[in-house]
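J.: As input, take final_16.csv (CSV, C-alpha atoms):
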```
chain,number,residue,atom,x,y,z
A,1,MET,CA,-16.1,-4.7,12.9
A,2,THR,CA,-15.9,-0.9,12.7
A,3,SER,CA,-13.0,1.4,12.0
A,4,ARG,CA,-11.5,3.7,14.5
A,5,HIS,CA,-12.9,6.6,12.5
A,6,THR,CA,-16.7,6.9,12.5
A,7,SER,CA,-17.0,9.2,9.5
A,8,ALA,CA,-15.2,7.4,6.7
A,9,ASN,CA,-14.6,9.1,3.3
A,10,GLY,CA,-12.9,6.0,2.0
A,11,PRO,CA,-14.7,3.1,0.3
A,12,SER,CA,-15.6,-0.4,1.4
A,13,ILE,CA,-14.2,-3.2,-0.6
A,14,VAL,CA,-15.6,-6.7,-1.0
A,15,PHE,CA,-13.6,-9.5,-2.6
A,16,GLU,CA,-15.8,-12.4,-3.6
A,17,GLY,CA,-14.6,-15.6,-5.1
A,18,LEU,CA,-11.6,-13.9,-6.6
A,19,GLY,CA,-9.4,-16.2,-8.7
A,20,LEU,CA,-6.3,-15.6,-10.8
A,21,LYS,CA,-4.2,-17.8,-13.0
A,22,LEU,CA,-0.9,-17.0,-14.8
A,23,GLY,CA,0.3,-19.4,-17.5
A,24,GLY,CA,-2.4,-21.9,-16.4
A,25,GLN,CA,-1.1,-21.9,-12.8
A,26,PRO,CA,-3.4,-20.9,-10.0
A,27,ILE,CA,-2.2,-17.8,-8.2
A,28,LEU,CA,-5.3,-17.0,-6.2
A,29,GLN,CA,-8.3,-19.2,-5.5
A,30,ASP,CA,-11.7,-18.2,-4.1
A,31,ILE,CA,-10.5,-15.1,-2.2
A,32,THR,CA,-13.4,-13.8,-0.2
A,33,PHE,CA,-13.2,-11.1,2.5
A,34,SER,CA,-14.3,-7.5,3.1
A,35,VAL,CA,-12.5,-4.2,4.0
A,36,VAL,CA,-14.4,-1.8,6.2
A,37,PRO,CA,-14.4,1.8,5.1
A,38,GLY,CA,-12.0,4.0,7.0
A,39,SER,CA,-10.1,1.0,8.4
A,40,ILE,CA,-6.5,-0.1,8.3
A,41,HIS,CA,-6.6,-3.6,6.8
A,42,CYS,CA,-3.4,-5.6,6.7
A,43,ILE,CA,-2.6,-8.5,4.4
A,44,LEU,CA,-0.2,-11.2,5.7
A,45,GLY,CA,1.1,-14.4,4.1
A,46,PRO,CA,4.2,-16.3,3.0
A,47,ASN,CA,6.2,-15.2,0.0
A,48,GLY,CA,4.7,-16.4,-3.3
A,49,GLY,CA,1.2,-16.6,-1.7
A,50,GLY,CA,-0.4,-14.1,-4.1
A,51,LYS,CA,-0.5,-11.0,-1.9
A,52,THR,CA,0.9,-8.5,-4.5
A,53,SER,CA,-1.3,-10.2,-7.2
A,54,LEU,CA,-4.3,-9.5,-5.0
A,55,LEU,CA,-3.5,-5.8,-4.8
A,56,ARG,CA,-2.8,-5.6,-8.6
A,57,SER,CA,-6.2,-7.2,-9.2
A,58,LEU,CA,-7.8,-4.6,-7.1
A,59,LEU,CA,-6.0,-1.8,-9.1
A,60,GLY,CA,-7.2,-3.3,-12.3
A,61,GLN,CA,-3.8,-4.4,-13.4
A,62,MET,CA,-4.4,-8.1,-13.6
A,63,PRO,CA,-7.4,-10.0,-15.1
A,64,HIS,CA,-9.3,-12.2,-12.7
A,65,SER,CA,-12.4,-14.2,-12.1
A,66,GLY,CA,-14.9,-13.5,-9.3
A,67,SER,CA,-15.6,-10.0,-8.3
A,68,ILE,CA,-14.2,-6.9,-6.5
A,69,ARG,CA,-16.8,-4.4,-5.4
A,70,ILE,CA,-15.6,-1.0,-4.3
A,71,THR,CA,-18.3,1.2,-2.8
A,72,TRP,CA,-17.4,4.9,-2.5
A,73,PRO,CA,-19.3,7.1,0.0
A,74,ASN,CA,-19.3,10.1,-2.3
A,75,SER,CA,-18.3,11.4,-5.7
A,76,ARG,CA,-14.6,11.7,-4.8
A,77,GLN,CA,-13.0,8.4,-5.9
A,78,VAL,CA,-9.2,8.8,-5.6
A,79,THR,CA,-6.8,5.9,-5.1
A,80,GLY,CA,-3.1,6.2,-4.1
A,81,TYR,CA,-0.7,3.3,-4.6
A,82,VAL,CA,2.6,2.6,-3.0
A,83,PRO,CA,4.4,-0.2,-4.8
A,84,GLN,CA,7.0,-2.4,-3.1
A,85,ALA,CA,9.6,-1.2,-5.6
A,86,MET,CA,9.9,0.5,-9.0
A,87,ASP,CA,12.1,-0.6,-11.8
A,88,PHE,CA,14.0,2.3,-13.3
A,89,ASP,CA,17.4,3.2,-14.7
A,90,ARG,CA,19.3,4.5,-11.6
A,91,THR,CA,21.8,6.3,-13.9
A,92,LEU,CA,19.2,8.6,-15.3
A,93,PRO,CA,19.8,12.3,-14.3
A,94,LEU,CA,16.4,12.7,-12.6
A,95,THR,CA,16.0,14.6,-9.4
A,96,VAL,CA,13.6,13.3,-6.7
A,97,ALA,CA,11.1,16.0,-7.7
A,98,ASP,CA,11.4,15.1,-11.4
A,99,PHE,CA,10.9,11.5,-10.6
A,100,MET,CA,7.7,12.2,-8.7
A,101,ASP,CA,6.5,14.5,-11.4
A,102,MET,CA,7.2,11.9,-14.0
A,103,ILE,CA,5.2,9.2,-12.4
A,104,CYS,CA,2.3,11.4,-11.2
A,105,ARG,CA,1.7,13.4,-14.4
A,106,THR,CA,1.1,12.4,-18.0
A,107,MET,CA,3.2,15.2,-19.5
A,108,PRO,CA,7.0,14.5,-20.0
A,109,VAL,CA,9.4,15.6,-17.3
A,110,PHE,CA,11.4,17.7,-19.8
A,111,LEU,CA,8.3,19.9,-20.5
A,112,GLY,CA,8.3,21.0,-16.8
A,113,SER,CA,5.3,21.3,-14.6
A,114,ALA,CA,3.0,24.0,-13.2
A,115,GLY,CA,4.0,25.7,-10.0
A,116,GLY,CA,1.0,24.1,-8.3
A,117,GLY,CA,2.3,20.7,-9.2
A,118,ARG,CA,5.7,21.3,-7.8
A,119,ALA,CA,4.2,22.8,-4.7
A,120,SER,CA,2.2,19.7,-4.1
A,121,ILE,CA,5.3,17.6,-4.6
A,122,ARG,CA,7.2,19.7,-2.1
A,123,ARG,CA,4.4,19.2,0.5
A,124,ALA,CA,4.3,15.5,-0.1
A,125,LEU,CA,8.1,15.3,0.3
A,126,GLU,CA,7.9,17.4,3.5
A,127,ARG,CA,5.4,15.0,4.9
A,128,VAL,CA,7.8,12.1,4.6
A,129,GLY,CA,10.8,14.0,5.7
A,130,MET,CA,12.4,14.2,2.2
A,131,ALA,CA,11.9,17.8,1.1
A,132,HIS,CA,15.7,18.4,1.6
A,133,LYS,CA,16.3,15.8,-1.1
A,134,ALA,CA,14.0,17.2,-3.7
A,135,GLU,CA,16.8,18.3,-6.0
A,136,PHE,CA,19.0,15.2,-5.2
A,137,ARG,CA,19.5,12.6,-7.9
A,138,PHE,CA,16.8,9.9,-7.3
A,139,GLY,CA,19.2,7.1,-8.4
A,140,GLY,CA,21.6,8.1,-5.5
A,141,LEU,CA,19.0,7.6,-2.7
A,142,SER,CA,19.3,4.8,-0.3
A,143,GLY,CA,16.7,2.0,-0.2
A,144,GLY,CA,15.0,3.5,2.8
A,145,GLU,CA,14.9,7.0,1.2
A,146,CYS,CA,13.4,5.5,-2.0
A,147,ARG,CA,10.7,3.9,0.1
A,148,ARG,CA,9.9,7.3,1.6
A,149,VAL,CA,9.7,8.9,-1.9
A,150,LEU,CA,7.3,6.1,-3.1
A,151,LEU,CA,5.2,6.8,0.0
A,152,ALA,CA,5.1,10.5,-0.9
A,153,GLN,CA,3.9,9.9,-4.5
A,154,GLY,CA,1.1,7.7,-3.1
A,155,LEU,CA,0.0,10.6,-1.0
A,156,LEU,CA,0.1,13.2,-3.8
A,157,PRO,CA,-3.5,12.6,-5.1
A,158,GLN,CA,-4.8,13.0,-1.5
A,159,PRO,CA,-6.4,9.5,-1.8
A,160,ASN,CA,-9.7,8.2,-0.3
A,161,LEU,CA,-8.2,4.7,-0.7
A,162,LEU,CA,-4.5,4.1,-0.1
A,163,VAL,CA,-3.1,0.7,-1.2
A,164,LEU,CA,0.5,-0.2,-0.1
A,165,ASP,CA,2.7,-3.1,-0.9
A,166,GLU,CA,5.1,-3.7,2.1
A,167,PRO,CA,5.6,0.0,2.7
A,168,ALA,CA,7.9,-0.5,5.7
A,169,SER,CA,10.4,-2.7,3.9
A,170,GLY,CA,13.8,-1.1,4.1
A,171,LEU,CA,12.7,1.8,6.2
A,172,ASP,CA,14.9,2.9,9.1
A,173,LYS,CA,13.4,3.7,12.5
A,174,GLU,CA,12.7,7.3,11.7
A,175,GLY,CA,11.1,6.4,8.4
A,176,ALA,CA,8.9,3.8,10.0
A,177,GLU,CA,7.8,6.3,12.6
A,178,ILE,CA,7.0,8.8,9.9
A,179,MET,CA,5.0,6.2,7.9
A,180,ARG,CA,3.1,5.1,11.0
A,181,ALA,CA,2.1,8.7,11.8
A,182,ILE,CA,1.0,9.4,8.3
A,183,LEU,CA,-1.2,6.3,8.2
A,184,ARG,CA,-2.8,7.2,11.5
A,185,ASP,CA,-3.4,10.7,10.2
A,186,LEU,CA,-5.0,9.4,7.0
A,187,GLN,CA,-7.2,7.0,9.0
A,188,ASN,CA,-8.3,9.9,11.2
A,189,GLN,CA,-9.4,11.6,8.0
A,190,GLY,CA,-11.5,8.6,7.1
A,191,THR,CA,-9.2,7.1,4.4
A,192,THR,CA,-9.5,3.4,3.8
A,193,ILE,CA,-6.0,1.8,3.9
A,194,LEU,CA,-5.2,-1.7,2.5
A,195,MET,CA,-1.6,-2.8,2.8
A,196,ILE,CA,0.6,-5.8,2.8
A,197,HIS,CA,2.8,-5.9,5.9
A,198,HIS,CA,5.2,-8.5,7.3
A,199,ASP,CA,5.9,-7.0,10.8
A,200,LEU,CA,3.5,-8.8,13.1
A,201,ALA,CA,4.2,-6.4,16.0
A,202,GLU,CA,3.3,-3.4,13.7
A,203,VAL,CA,0.2,-5.2,12.5
A,204,ARG,CA,-1.0,-5.9,16.0
A,205,THR,CA,-0.6,-2.2,16.9
A,206,MET,CA,-1.9,-0.6,13.7
A,207,ALA,CA,-4.4,-2.9,12.0
A,208,ASP,CA,-8.2,-3.0,12.5
A,209,MET,CA,-8.4,-6.2,10.6
A,210,VAL,CA,-6.0,-8.8,9.3
A,211,THR,CA,-6.4,-11.3,6.4
A,212,CYS,CA,-3.8,-14.0,5.8
A,213,ILE,CA,-3.5,-15.2,2.2
A,214,ASN,CA,-1.6,-18.2,0.7
A,215,LYS,CA,-3.4,-18.5,-2.7
A,216,THR,CA,-6.6,-18.7,-0.7
A,217,VAL,CA,-7.7,-17.1,2.6
A,218,LEU,CA,-6.2,-18.9,5.6
A,219,PHE,CA,-7.9,-16.7,8.1
A,220,SER,CA,-9.4,-13.2,8.6
A,221,GLY,CA,-10.4,-11.2,11.6
A,222,THR,CA,-9.1,-8.7,14.2
A,223,PRO,CA,-5.4,-9.0,15.2
A,224,GLN,CA,-6.6,-9.9,18.7
A,225,GLU,CA,-8.7,-12.7,17.3
A,226,VAL,CA,-6.5,-14.2,14.7
A,227,LEU,CA,-2.9,-13.6,15.6
A,228,THR,CA,-2.5,-16.5,17.9
A,229,PRO,CA,0.7,-18.6,18.2
A,230,GLU,CA,-1.0,-21.3,16.2
A,231,THR,CA,-2.0,-19.0,13.3
A,232,ILE,CA,1.4,-17.3,13.3
A,233,LEU,CA,3.0,-20.7,12.9
A,234,THR,CA,0.6,-21.3,10.0
A,235,ILE,CA,1.7,-18.1,8.3
A,236,PHE,CA,5.4,-19.0,8.3
A,237,SER,CA,5.1,-22.8,7.8
A,238,SER,CA,2.5,-22.8,5.1
A,239,THR,CA,3.2,-24.4,1.8
A,240,ASN,CA,1.3,-23.4,-1.3
A,241,PRO,CA,-2.0,-25.2,-1.3
A,242,VAL,CA,-2.8,-27.4,-4.2
```
Please render this file's structure as structure tokens.

T.:
Amino acid sequence: MTSRHTSANGPSIVFEGLGLKLGGQPILQDITFSVVPGSIHCILGPNGGGKTSLLRSLLGQMPHSGSIRITWPNSRQVTGYVPQAMDFDRTLPLTVADFMDMICRTMPVFLGSAGGGRASIRRALERVGMAHKAEFRFGGLSGGECRRVLLAQGLLPQPNLLVLDEPASGLDKEGAEIMRAILRDLQNQGTTILMIHHDLAEVRTMADMVTCINKTVLFSGTPQEVLTPETILTIFSSTNPV
């Protein structure tokens, strides 16, 4: 399997025998599959099947057994992450720009930021169609607008690897089209994209490869190969394997 982009600047990723337990309960078991550099690789599976735990393991946020090998093509090794949601006090008097500054820099918001930082934030917000809300209170945004801002912060470091946890959840039609165009543009630049997605129509259109996980790997391959009526039924009728 090759990506649509022949000159990838993103990494390859190999999950081999990945396992994860929380409180003695197995969350992931023997997860083994590969992500091609410069590809869009989608993760499917039922709720509670361990998809988010897989991404967090990749990001070094959860201890695990087995191995995750990330092979970068050059010295630039930058990862962007778009979480499914962020817990924060929506009553805080933070603007959208301040919120992005807070989560993308180590210095406190009240110390301000360099002009270059604010310029980068402005460009990222423009890219997701939210520049006009830069000085709007972040806690007052709709769910779909929050999703766009989270996507913007994931783009700020200009990543070679972009990891997204259900980025389309809550997006309206315009937001979904913006996200789709951004991901295509990133792939054209050779970025490796790994994301959890629940919209099978979108997955069929966008993904180079698909892996379905329910604690273990149920199937993995191209959308044309693996998204058959039988496997789709498996995704939505699976119970957690023992």

J.: Quick one: distance from CA of Gly175 (chain A) to CA of Arg147 (chain A) in Å, one decimal?

T.: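 Interatomic distance here is 8.7 Å.
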
J.: Counting all atoms listed in the file, which of A:Asp165, A:Asp208, A:Asp172, A:Asp98 gets nearest to Phe136 (chain A)?

T.: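 Between A:Asp165, A:Asp208, A:Asp172, A:Asp98, the residue approaching Phe136 (chain A) most closely is A:Asp98.
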
J.: Report as a tab-separated table the residues of region 115-216 of chain A within 12 Å of region 39-47 of chain A, each with its shortest atom pair and distance in Å (one decimal), using all atoms listed in the file, ordered by chain and increasing residue number.

T.:
```
residue	atom	partner	partner_atom	distance
A:Asn160	CA	A:Ser39	CA	11.3
A:Leu161	CA	A:Ser39	CA	10.0
A:Leu162	CA	A:Ile40	CA	9.6
A:Val163	CA	A:His41	CA	9.7
A:Leu164	CA	A:Cys42	CA	9.5
A:Asp165	CA	A:Ile43	CA	9.2
A:Glu166	CA	A:Ile43	CA	9.4
A:Pro167	CA	A:Cys42	CA	11.3
A:Arg180	CA	A:Ile40	CA	11.2
A:Leu183	CA	A:Ile40	CA	8.3
A:Arg184	CA	A:Ile40	CA	8.8
A:Asp185	CA	A:Ile40	CA	11.4
A:Leu186	CA	A:Ile40	CA	9.7
A:Gln187	CA	A:Ser39	CA	6.7
A:Asn188	CA	A:Ser39	CA	9.5
A:Gln189	CA	A:Ser39	CA	10.6
A:Gly190	CA	A:Ser39	CA	7.8
A:Thr191	CA	A:Ser39	CA	7.3
A:Thr192	CA	A:Ser39	CA	5.2
A:Ile193	CA	A:Ile40	CA	4.8
A:Leu194	CA	A:His41	CA	4.9
A:Met195	CA	A:Cys42	CA	5.1
A:Ile196	CA	A:Ile43	CA	4.5
A:His197	CA	A:Leu44	CA	6.1
A:His198	CA	A:Leu44	CA	6.2
A:Asp199	CA	A:Leu44	CA	9.0
A:Leu200	CA	A:Leu44	CA	8.6
A:Glu202	CA	A:Cys42	CA	9.9
A:Val203	CA	A:Cys42	CA	6.8
A:Arg204	CA	A:Cys42	CA	9.6
A:Thr205	CA	A:Ile40	CA	10.6
A:Met206	CA	A:Ile40	CA	7.1
A:Ala207	CA	A:Ile40	CA	5.1
A:Asp208	CA	A:Ile40	CA	5.4
A:Met209	CA	A:His41	CA	4.9
A:Val210	CA	A:Cys42	CA	4.9
A:Thr211	CA	A:Ile43	CA	5.1
A:Cys212	CA	A:Leu44	CA	4.6
A:Ile213	CA	A:Gly45	CA	5.0
A:Asn214	CA	A:Gly45	CA	5.8
A:Lys215	CA	A:Gly45	CA	9.1
A:Thr216	CA	A:Gly45	CA	10.0
```

J.: Which one of A:Ile232, A:Leu227, A:Ala131, A:Leu141 sits closest to Thr91 (chain A) if you count all atoms listed in the file?

T.: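 Closest to Thr91 (chain A) of all the choices is A:Leu141.
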
J.: Given all atoms listed in the file as the basis, pick out the residue of A:Glu16, A:Leu218, A:Val36, A:Phe138 nearest to Leu233 (chain A).

T.: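 Nearest to Leu233 (chain A): A:Leu218.
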
J.: Record the distance separating CA of Val14 (chain A) and CA of Pro83 (chain A), expressed in Å with one decimal.

T.: 21.4 Å

J.: To one decimal place, how far is CA of Gly144 (chain A) from CA of Leu94 (chain A) in Å?

T.: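 These atoms are spaced 18.0 Å apart.
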
J.: Out of A:Val128, A:Gln61, A:Glu135, A:Gln224, which residue has the shortest atom-to-atom distance to Ala181 (chain A) when counting all atoms listed in the file?

T.: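 Residue with the minimum atom-to-atom distance to Ala181 (chain A): A:Val128.
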
J.: Name the closest residue to Gly117 (chain A) among the candidates A:Gly139, A:Pro93, A:Pro157, A:Gly80; distances are taken between atoms, counting all atoms listed in the file.

T.: A:Pro157

J.: Near Ser67 (chain A), counting only C-alpha atoms, which residues have an atom at most 7 Å away, once you skip same-chain residues fewer than 6 positions from it, shown as an NGL selection string?

T.: :A and (15-18)

J.: Counting only C-alpha atoms, which of A:Glu145, A:Pro159, A:Gln77, A:Pro223 gets nearest to Ile178 (chain A)?

T.: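 With only C-alpha atoms as the atom set, the closest residue is A:Glu145.
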
J.: Any idea what's packed within 9 Å of Leu150 (chain A), counting all atoms listed in the file, ignoring anything in its chain fewer than 5 positions away? Could you give it as a PDB file with C-alpha atoms, in the frame of the given file?

T.:
```pdb
ATOM      1  CA  TYR A  81      -0.700   3.300  -4.600  1.00  0.00           C
ATOM      2  CA  VAL A  82       2.600   2.600  -3.000  1.00  0.00           C
ATOM      3  CA  PRO A  83       4.400  -0.200  -4.800  1.00  0.00           C
ATOM      4  CA  GLN A  84       7.000  -2.400  -3.100  1.00  0.00           C
ATOM      5  CA  ALA A  85       9.600  -1.200  -5.600  1.00  0.00           C
ATOM      6  CA  MET A  86       9.900   0.500  -9.000  1.00  0.00           C
ATOM      7  CA  MET A 100       7.700  12.200  -8.700  1.00  0.00           C
ATOM      8  CA  GLU A 145      14.900   7.000   1.200  1.00  0.00           C
ATOM      9  CA  LEU A 155       0.000  10.600  -1.000  1.00  0.00           C
ATOM     10  CA  PRO A 167       5.600   0.000   2.700  1.00  0.00           C
TER      11      PRO A 167
END
```

J.: Excluding region 71-75 of chain A and its own-chain neighbours fewer than 4 positions away, which residues fall within 7 Å of it when counting only C-alpha atoms? Please give them as a VMD selection string.

T.: chain A and resid 9 to 13

J.: Using only C-alpha atoms, please write the residues we just selected to a file, as a compact mmCIF listing (two decimals), in the coordinates of the input.

T.:
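The resulting part-v4.txt:
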```txt
# COMPACT_ATOMS: atom_id res chain seq x y z
CA ASN A 9 -14.60 9.10 3.30
CA GLY A 10 -12.90 6.00 2.00
CA PRO A 11 -14.70 3.10 0.30
CA SER A 12 -15.60 -0.40 1.40
CA ILE A 13 -14.20 -3.20 -0.60
```
